[in-house]
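Take a look at the structure below.
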Amino acid sequence: MAFFEMTKTAIKTLLSTPATILYPAQPAKKTPLSRGHVTIDESRCISCGTCQRKCPSQAIVISKEAKTWQIDRLRCVVCNSCVDTCPVKCLFMDTQYSSPVIARSVELIAITYVKPAKPEKKDEASA
Amino acid sequence: MTKQIIVPFGPQHPVLPEPIHLDLVLEDERVVDVIPSIGYIHRGFEKLVEKREYTEYVYIAERTCGICSFIHGATYCQGIEQIMNIDVPERAQYLRVIWSEYSRLHSHLLWLGLFADSFGFENLFMNAWRIRERILDVMEQTTGGRVIQGSCKIGGVRRDIANEKLDEMRRDLDTTEREIRDLTTVFLQDNSIKHRLRNVGRLSKEDAYHLGASGPTARGSGVAIDLRKTGYGAYGKLNFQLVTDSCGDCYGRCAVRAQELFTSIDLIRQAIQKIPDGPIDIKVSGAPNGEFFTRAEQPRGELVHYLKGNGTKFLVRSRIRTPTLTNIPPLVRMLQGCELADVPVIVLSIDPCISCTER
């Protein structure tokens, strides 16, 4: 039988600083690997559509004609699958969570990538 | 004969983290029978297997449960790897053991906290969760996710842990172990806790075996079953002692979980010591053709994934049987004959995870 088993912990807790942080006054803990939200470098995206096919929650939609990349942040499960599979490495995982929203919407980003002139020359040569 | 009345318990109840409904048949304050019902959070995961490629389904399998998520993902991968005859590199197997044991630590600490809350010891609840935060920090540092790790894939793991980081984790475990020891001393020695838990919700060894109890619920009644002893993954290369308790009451189940924390810490230390260098994954091509019945030890007991493929990228059938489902019949037996005021404690003592159970 034992009494006052909690005393040691209680005294320690009393003398130490709080275990929690004063969020949002203090920023939340983040690690370099933390998965926050997906970002895109629109100047490098070649519109191949791999991210759209590999997305398990079908959050990403790519339009080759309109040259847009769109993501539904509320569908995205931040699994990092698109970032891993992107052939040109134009997708990145930001460590900050996406900001809160009050309505469901998609984020539409215009792709500014321009195909270099070199392959066109090849086409002419083959033709 | 005393008049019988039925008192509904749940699905919404302060002590229940997840919805389960129990109809308690009472005679005065004594429970004479219990009719359990589940089905409040069915999400149709098993149907989704037909709509997603087998490689993508890992993420979905992982989301079956919010606590033992890593083990769900790893068990699914294990099943697919068996169908496709994939030899997972040894380093990946060890990494899976490390993350599985960290999951177990975090699950057991979460449960100890909730259990303390169920018998009204809120301070202990906060302390358990403070230690759990350290475990979650390690999870986030190594995988990128606190609760949903997403670090398992078919043919290996998605991320490696650098050897320096492994050493740091081993050093951190010393501090964590000290803190956990302070915490479990309260659970196992404190007079008021013993008084509250002794002889509450008794389950005999025979009942535990015949009613199909699994995991700490079975081990708390003296049935020595633990799937890690079958040696799947890298468990066969690690030594550990099974924790059992002969009490069979709430205190016994609490003691088993409290002592298993140290088993997990020991397993992580051994794995860090023995982990070989080498690749962490192998390239997987083709699609699964065949069926497999794979099992693993979750923090709550035996987890079963049945998978069937027909040679296409989409599986035909996935069936998950979780330990909570098998622990419901023993729960009914525990509740028969108890006092109404003991019901919350007994229900929590099996560590119910209803989201897993219904998928």
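The chains in the structure tokens are called A, B, ... from first to last as shown; in each chain the residues are counted from 1, and the ligands are counted from 1 in the order shown.
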
(request) For chain B, work out the contacting residues on chain A at 8 Å, counting only C-alpha atoms, and write them as a ChimeraX atom specification. (result) /A:1-6,9,19,31-35,54-56,79

With C-alpha atoms retained, export the selected residues as a PDB file, in the first residue's frame.
ATOM      1  CA  MET A   1       0.000   0.000   0.000  1.00  0.00           C
ATOM      2  CA  ALA A   2       1.359   3.360  -0.886  1.00  0.00           C
ATOM      3  CA  PHE A   3       0.169   6.888  -0.395  1.00  0.00           C
ATOM      4  CA  PHE A   4       1.314  10.190  -1.917  1.00  0.00           C
ATOM      5  CA  GLU A   5       2.671   8.480  -5.066  1.00  0.00           C
ATOM      6  CA  MET A   6       1.718  11.547  -7.054  1.00  0.00           C
ATOM      7  CA  THR A   9       5.249  14.492 -10.053  1.00  0.00           C
ATOM      8  CA  ALA A  19       4.225  21.892 -20.922  1.00  0.00           C
ATOM      9  CA  THR A  31       9.970  19.940 -37.768  1.00  0.00           C
ATOM     10  CA  PRO A  32      11.681  20.049 -41.178  1.00  0.00           C
ATOM     11  CA  LEU A  33       9.698  16.943 -42.164  1.00  0.00           C
ATOM     12  CA  SER A  34       6.291  18.202 -40.966  1.00  0.00           C
ATOM     13  CA  ARG A  35       3.601  17.927 -43.586  1.00  0.00           C
ATOM     14  CA  LYS A  54      -1.341   9.562 -57.767  1.00  0.00           C
ATOM     15  CA  CYS A  55      -3.550  11.604 -55.423  1.00  0.00           C
ATOM     16  CA  PRO A  56      -5.448   9.126 -53.214  1.00  0.00           C
ATOM     17  CA  CYS A  79       0.118  12.383 -47.746  1.00  0.00           C
TER      18      CYS A  79
END

(message) Quick one: residues within 10 Å of B:Phe125, only C-alpha atoms, excluding same-chain residues fewer than 4 positions away - as a PyMOL selection string?
(response) chain B and resi 109-118+120-121+129-130+183

Take the residues just selected and output them with N, CA and C atoms as a PDB file, in the first residue's frame.
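Written file, result31.pdb:
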ATOM      1  N   LEU B 109      -0.172   5.122 -23.710  1.00  0.00           N
ATOM      2  CA  LEU B 109      -0.172   6.325 -22.864  1.00  0.00           C
ATOM      3  C   LEU B 109      -1.500   7.064 -22.994  1.00  0.00           C
ATOM      4  N   LEU B 110      -2.012   7.101 -24.232  1.00  0.00           N
ATOM      5  CA  LEU B 110      -3.317   7.724 -24.443  1.00  0.00           C
ATOM      6  C   LEU B 110      -4.381   6.998 -23.629  1.00  0.00           C
ATOM      7  N   TRP B 111      -4.324   5.666 -23.680  1.00  0.00           N
ATOM      8  CA  TRP B 111      -5.317   4.892 -22.954  1.00  0.00           C
ATOM      9  C   TRP B 111      -5.176   5.092 -21.442  1.00  0.00           C
ATOM     10  N   LEU B 112      -3.942   5.069 -20.933  1.00  0.00           N
ATOM     11  CA  LEU B 112      -3.754   5.258 -19.482  1.00  0.00           C
ATOM     12  C   LEU B 112      -4.360   6.594 -19.055  1.00  0.00           C
ATOM     13  N   GLY B 113      -4.164   7.627 -19.895  1.00  0.00           N
ATOM     14  CA  GLY B 113      -4.734   8.938 -19.603  1.00  0.00           C
ATOM     15  C   GLY B 113      -6.248   8.892 -19.569  1.00  0.00           C
ATOM     16  N   LEU B 114      -6.843   8.308 -20.618  1.00  0.00           N
ATOM     17  CA  LEU B 114      -8.306   8.241 -20.683  1.00  0.00           C
ATOM     18  C   LEU B 114      -8.862   7.414 -19.531  1.00  0.00           C
ATOM     19  N   PHE B 115      -8.134   6.372 -19.179  1.00  0.00           N
ATOM     20  CA  PHE B 115      -8.583   5.490 -18.097  1.00  0.00           C
ATOM     21  C   PHE B 115      -8.566   6.265 -16.771  1.00  0.00           C
ATOM     22  N   ALA B 116      -7.478   7.032 -16.561  1.00  0.00           N
ATOM     23  CA  ALA B 116      -7.391   7.846 -15.347  1.00  0.00           C
ATOM     24  C   ALA B 116      -8.557   8.827 -15.302  1.00  0.00           C
ATOM     25  N   ASP B 117      -8.887   9.384 -16.478  1.00  0.00           N
ATOM     26  CA  ASP B 117     -10.003  10.322 -16.553  1.00  0.00           C
ATOM     27  C   ASP B 117     -11.310   9.617 -16.198  1.00  0.00           C
ATOM     28  N   SER B 118     -11.437   8.335 -16.632  1.00  0.00           N
ATOM     29  CA  SER B 118     -12.695   7.626 -16.398  1.00  0.00           C
ATOM     30  C   SER B 118     -12.926   7.360 -14.923  1.00  0.00           C
ATOM     31  N   GLY B 120     -11.837   9.471 -12.685  1.00  0.00           N
ATOM     32  CA  GLY B 120     -11.871  10.775 -12.042  1.00  0.00           C
ATOM     33  C   GLY B 120     -10.542  11.315 -11.577  1.00  0.00           C
ATOM     34  N   PHE B 121      -9.428  10.838 -12.135  1.00  0.00           N
ATOM     35  CA  PHE B 121      -8.104  11.318 -11.731  1.00  0.00           C
ATOM     36  C   PHE B 121      -7.576  12.187 -12.876  1.00  0.00           C
ATOM     37  N   TRP B 129      -0.719  12.301 -20.861  1.00  0.00           N
ATOM     38  CA  TRP B 129      -0.722  12.898 -22.194  1.00  0.00           C
ATOM     39  C   TRP B 129       0.474  13.797 -22.415  1.00  0.00           C
ATOM     40  N   ARG B 130       1.038  14.316 -21.365  1.00  0.00           N
ATOM     41  CA  ARG B 130       2.253  15.125 -21.531  1.00  0.00           C
ATOM     42  C   ARG B 130       3.404  14.236 -22.000  1.00  0.00           C
ATOM     43  N   LEU B 183       5.051   7.704 -13.783  1.00  0.00           N
ATOM     44  CA  LEU B 183       3.617   7.647 -14.070  1.00  0.00           C
ATOM     45  C   LEU B 183       3.023   6.295 -13.707  1.00  0.00           C
TER      46      LEU B 183
END

(request) Skip stretch 311-325 of chain B itself and residues of its chain fewer than 6 positions away, then list as a PyMOL selection string all residues within 7 Å of it, counting only C-alpha atoms. (result) chain B and resi 46+49-54+214+287-289+300-305+352-353+356-357

Can you write just those residues out, N, CA and C atoms, as a tab-separated table (two decimals), in the first residue's frame?
chain	number	residue	atom	x	y	z
B	46	GLU	N	-13.79	-0.61	-46.83
B	46	GLU	CA	-13.51	-1.86	-47.55
B	46	GLU	C	-14.03	-1.80	-48.98
B	49	VAL	N	-11.61	0.01	-51.57
B	49	VAL	CA	-10.48	-0.74	-52.11
B	49	VAL	C	-10.65	-1.00	-53.61
B	50	GLU	N	-11.92	-1.04	-54.07
B	50	GLU	CA	-12.18	-1.31	-55.49
B	50	GLU	C	-11.98	-0.06	-56.34
B	51	LYS	N	-11.90	1.10	-55.68
B	51	LYS	CA	-11.86	2.37	-56.42
B	51	LYS	C	-10.47	2.99	-56.44
B	52	ARG	N	-9.55	2.48	-55.63
B	52	ARG	CA	-8.22	3.08	-55.55
B	52	ARG	C	-7.16	2.03	-55.86
B	53	GLU	N	-6.09	2.45	-56.47
B	53	GLU	CA	-5.01	1.51	-56.79
B	53	GLU	C	-4.45	0.92	-55.51
B	54	TYR	N	-3.92	-0.30	-55.60
B	54	TYR	CA	-3.47	-0.96	-54.37
B	54	TYR	C	-2.33	-0.20	-53.70
B	214	SER	N	-8.63	-10.56	-27.00
B	214	SER	CA	-7.31	-10.48	-27.59
B	214	SER	C	-6.54	-9.31	-27.00
B	287	ALA	N	0.93	-6.33	-60.38
B	287	ALA	CA	-0.24	-6.15	-59.52
B	287	ALA	C	-0.51	-7.43	-58.75
B	288	PRO	N	-1.10	-7.33	-57.57
B	288	PRO	CA	-1.31	-8.54	-56.77
B	288	PRO	C	-2.36	-9.47	-57.39
B	289	ASN	N	-2.03	-10.75	-57.43
B	289	ASN	CA	-2.97	-11.74	-57.92
B	289	ASN	C	-3.01	-12.88	-56.92
B	300	ARG	N	-4.18	-2.89	-29.21
B	300	ARG	CA	-5.37	-3.45	-28.57
B	300	ARG	C	-5.51	-4.95	-28.73
B	301	GLY	N	-4.70	-5.55	-29.57
B	301	GLY	CA	-4.81	-6.99	-29.77
B	301	GLY	C	-4.53	-7.39	-31.20
B	302	GLU	N	-5.18	-8.47	-31.60
B	302	GLU	CA	-4.86	-9.06	-32.90
B	302	GLU	C	-5.62	-8.35	-34.02
B	303	LEU	N	-4.86	-7.92	-35.02
B	303	LEU	CA	-5.46	-7.24	-36.17
B	303	LEU	C	-5.34	-8.16	-37.38
B	304	VAL	N	-6.44	-8.30	-38.13
B	304	VAL	CA	-6.42	-9.18	-39.29
B	304	VAL	C	-6.80	-8.39	-40.53
B	305	HIS	N	-5.99	-8.49	-41.56
B	305	HIS	CA	-6.34	-7.91	-42.86
B	305	HIS	C	-6.45	-9.05	-43.86
B	352	PRO	N	-11.65	0.47	-26.04
B	352	PRO	CA	-12.47	0.36	-27.25
B	352	PRO	C	-12.05	1.36	-28.31
B	353	CYS	N	-11.91	0.87	-29.54
B	353	CYS	CA	-11.61	1.75	-30.67
B	353	CYS	C	-12.66	1.44	-31.71
B	356	CYS	N	-12.05	1.89	-35.71
B	356	CYS	CA	-11.40	0.72	-36.32
B	356	CYS	C	-12.44	-0.34	-36.60
B	357	THR	N	-13.26	-0.61	-35.57
B	357	THR	CA	-14.18	-1.73	-35.62
B	357	THR	C	-15.15	-1.62	-36.78

(request) Give the answer as one residue: which of B:Ile154, B:Cys65, B:Cys338, B:Ile193 has the shortest atom-to-atom distance to B:Ile86, using only C-alpha atoms? (result) B:Ile154

(request) Please report, as a PyMOL selection string, each residue of stretch 13-61 of chain A to which DSSP assigns strand (DSSP E or B) when run on this structure's backbone. (result) chain A and resi 37-40+60-61

(request) Skip A:Lys89 itself and residues of its chain fewer than 2 positions away, then list as a list of chain:residue names all residues within 10 Å of it, counting only C-alpha atoms. (result)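 Surrounding residues, per the criterion: A:Ile40, A:Asp41, A:Arg44, A:Cys45, A:Cys82, A:Val83, A:Asp84, A:Thr85, A:Cys86, A:Pro87, A:Leu91, A:Phe92.
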
Saved selection, atoms kept: N, CA and C atoms, as a short mmCIF file (atom, residue, chain, number, x, y, z; two decimals), in the first residue's frame:
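Written output follows (out_34.cif):
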data_model
loop_
_atom_site.label_atom_id
_atom_site.label_comp_id
_atom_site.auth_asym_id
_atom_site.auth_seq_id
_atom_site.Cartn_x
_atom_site.Cartn_y
_atom_site.Cartn_z
N ILE A 40 3.24 24.76 -55.11
CA ILE A 40 3.71 24.45 -56.47
C ILE A 40 4.56 25.60 -57.01
N ASP A 41 5.59 25.23 -57.74
CA ASP A 41 6.35 26.23 -58.49
C ASP A 41 5.78 26.20 -59.90
N ARG A 44 7.62 25.77 -63.30
CA ARG A 44 8.33 24.55 -63.71
C ARG A 44 7.40 23.39 -64.04
N CYS A 45 6.12 23.53 -63.74
CA CYS A 45 5.17 22.42 -63.93
C CYS A 45 4.97 22.15 -65.42
N CYS A 82 2.07 13.25 -54.05
CA CYS A 82 2.32 14.05 -55.26
C CYS A 82 3.75 14.59 -55.26
N VAL A 83 4.21 15.02 -54.09
CA VAL A 83 5.56 15.59 -54.00
C VAL A 83 6.59 14.50 -54.34
N ASP A 84 6.34 13.28 -53.86
CA ASP A 84 7.28 12.18 -54.12
C ASP A 84 7.32 11.80 -55.59
N THR A 85 6.16 11.86 -56.27
CA THR A 85 6.11 11.32 -57.62
C THR A 85 6.33 12.36 -58.71
N CYS A 86 6.31 13.63 -58.39
CA CYS A 86 6.45 14.68 -59.41
C CYS A 86 7.77 14.51 -60.17
N PRO A 87 7.71 14.32 -61.51
CA PRO A 87 8.95 14.04 -62.25
C PRO A 87 9.89 15.24 -62.34
N LEU A 91 6.70 20.35 -57.07
CA LEU A 91 5.80 20.40 -55.91
C LEU A 91 6.63 20.31 -54.64
N PHE A 92 6.19 21.06 -53.63
CA PHE A 92 6.92 21.08 -52.36
C PHE A 92 5.95 20.92 -51.21
#

(request) Could you find all residues in stretch 265-329 of chain B that DSSP calls helix (DSSP H, G or I) from the backbone, and write them as an MDAnalysis selection string? (result) chainID B and resid 265:274 323:329

Could you write those residues out with C-alpha atoms, as an mmCIF file, in the first residue's frame?
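New file part_27.cif:
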data_model
loop_
_atom_site.group_PDB
_atom_site.id
_atom_site.type_symbol
_atom_site.label_atom_id
_atom_site.label_comp_id
_atom_site.auth_asym_id
_atom_site.auth_seq_id
_atom_site.Cartn_x
_atom_site.Cartn_y
_atom_site.Cartn_z
ATOM 1 C CA ILE B 265 10.868 0.802 -24.989
ATOM 2 C CA ASP B 266 13.091 -2.244 -24.723
ATOM 3 C CA LEU B 267 12.083 -3.432 -28.204
ATOM 4 C CA ILE B 268 12.879 -0.004 -29.693
ATOM 5 C CA ARG B 269 16.301 -0.031 -28.004
ATOM 6 C CA GLN B 270 17.050 -3.514 -29.339
ATOM 7 C CA ALA B 271 15.872 -2.565 -32.829
ATOM 8 C CA ILE B 272 18.040 0.577 -32.843
ATOM 9 C CA GLN B 273 20.996 -1.503 -31.741
ATOM 10 C CA LYS B 274 20.498 -4.242 -34.333
ATOM 11 C CA PRO B 323 -9.289 -6.352 -31.876
ATOM 12 C CA THR B 324 -12.119 -4.267 -30.407
ATOM 13 C CA LEU B 325 -14.685 -6.369 -32.255
ATOM 14 C CA THR B 326 -13.407 -9.547 -30.605
ATOM 15 C CA ASN B 327 -13.208 -7.785 -27.249
ATOM 16 C CA ILE B 328 -16.915 -6.880 -27.212
ATOM 17 C CA PRO B 329 -18.187 -10.375 -26.134
#

(request) Please provide the set of residues having any atom within 7 Å of stretch 99-116 of chain A, restricted to only C-alpha atoms, with same-chain residues fewer than 3 positions apart removed, written as JSON, numbers by chain. (result) {"A": [42, 43, 44, 45, 46, 67, 68, 69, 70, 71, 72, 73, 119]}

Limited to N, CA and C atoms, could you put the picked residues into a file as a PDB file, in the first residue's frame?
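Dumped to part-v1.pdb:
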ATOM      1  N   GLU A  42       4.851  27.137 -60.168  1.00  0.00           N
ATOM      2  CA  GLU A  42       4.075  27.072 -61.410  1.00  0.00           C
ATOM      3  C   GLU A  42       4.930  27.314 -62.654  1.00  0.00           C
ATOM      4  N   SER A  43       6.141  27.856 -62.458  1.00  0.00           N
ATOM      5  CA  SER A  43       6.970  28.125 -63.637  1.00  0.00           C
ATOM      6  C   SER A  43       7.697  26.857 -64.103  1.00  0.00           C
ATOM      7  N   ARG A  44       7.622  25.770 -63.301  1.00  0.00           N
ATOM      8  CA  ARG A  44       8.328  24.550 -63.710  1.00  0.00           C
ATOM      9  C   ARG A  44       7.402  23.391 -64.035  1.00  0.00           C
ATOM     10  N   CYS A  45       6.122  23.532 -63.741  1.00  0.00           N
ATOM     11  CA  CYS A  45       5.173  22.423 -63.932  1.00  0.00           C
ATOM     12  C   CYS A  45       4.971  22.151 -65.424  1.00  0.00           C
ATOM     13  N   ILE A  46       5.121  20.874 -65.821  1.00  0.00           N
ATOM     14  CA  ILE A  46       4.985  20.539 -67.247  1.00  0.00           C
ATOM     15  C   ILE A  46       3.594  19.961 -67.558  1.00  0.00           C
ATOM     16  N   LYS A  67      -4.133  25.271 -68.890  1.00  0.00           N
ATOM     17  CA  LYS A  67      -2.868  25.441 -68.181  1.00  0.00           C
ATOM     18  C   LYS A  67      -3.087  25.888 -66.724  1.00  0.00           C
ATOM     19  N   THR A  68      -3.886  25.071 -66.038  1.00  0.00           N
ATOM     20  CA  THR A  68      -4.121  25.397 -64.621  1.00  0.00           C
ATOM     21  C   THR A  68      -3.865  24.168 -63.762  1.00  0.00           C
ATOM     22  N   TRP A  69      -3.492  24.445 -62.534  1.00  0.00           N
ATOM     23  CA  TRP A  69      -3.299  23.393 -61.520  1.00  0.00           C
ATOM     24  C   TRP A  69      -4.195  23.774 -60.367  1.00  0.00           C
ATOM     25  N   GLN A  70      -5.164  22.903 -60.021  1.00  0.00           N
ATOM     26  CA  GLN A  70      -6.030  23.310 -58.918  1.00  0.00           C
ATOM     27  C   GLN A  70      -6.055  22.267 -57.826  1.00  0.00           C
ATOM     28  N   ILE A  71      -6.165  22.745 -56.591  1.00  0.00           N
ATOM     29  CA  ILE A  71      -6.165  21.839 -55.444  1.00  0.00           C
ATOM     30  C   ILE A  71      -7.288  22.225 -54.496  1.00  0.00           C
ATOM     31  N   ASP A  72      -7.982  21.197 -54.024  1.00  0.00           N
ATOM     32  CA  ASP A  72      -9.010  21.404 -53.004  1.00  0.00           C
ATOM     33  C   ASP A  72      -8.349  21.118 -51.657  1.00  0.00           C
ATOM     34  N   ARG A  73      -8.059  22.161 -50.921  1.00  0.00           N
ATOM     35  CA  ARG A  73      -7.313  22.005 -49.659  1.00  0.00           C
ATOM     36  C   ARG A  73      -8.067  21.158 -48.639  1.00  0.00           C
ATOM     37  N   PRO A 119      12.964  21.271 -78.268  1.00  0.00           N
ATOM     38  CA  PRO A 119      12.225  20.120 -78.796  1.00  0.00           C
ATOM     39  C   PRO A 119      11.490  20.443 -80.084  1.00  0.00           C
TER      40      PRO A 119
END

(message) Under the rule that only C-alpha atoms are counted, which of B:Gly231, B:Gly79, B:Gly201, B:Gly286 is the nearest residue to B:Glu339?
(response) B:Gly201

(request) Could you please determine the separation between atom CA of B:Val243 and atom CA of B:Pro89 in Å, to one decimal place? (result)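 Taking atom CA of B:Val243 and atom CA of B:Pro89, their separation equals 29.7 Å.
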
(message) Calculated over only C-alpha atoms, which of the candidates A:Ile62, A:Leu14, A:Val38, A:Cys48 has the smallest distance to A:Ser98?
(response) A:Val38
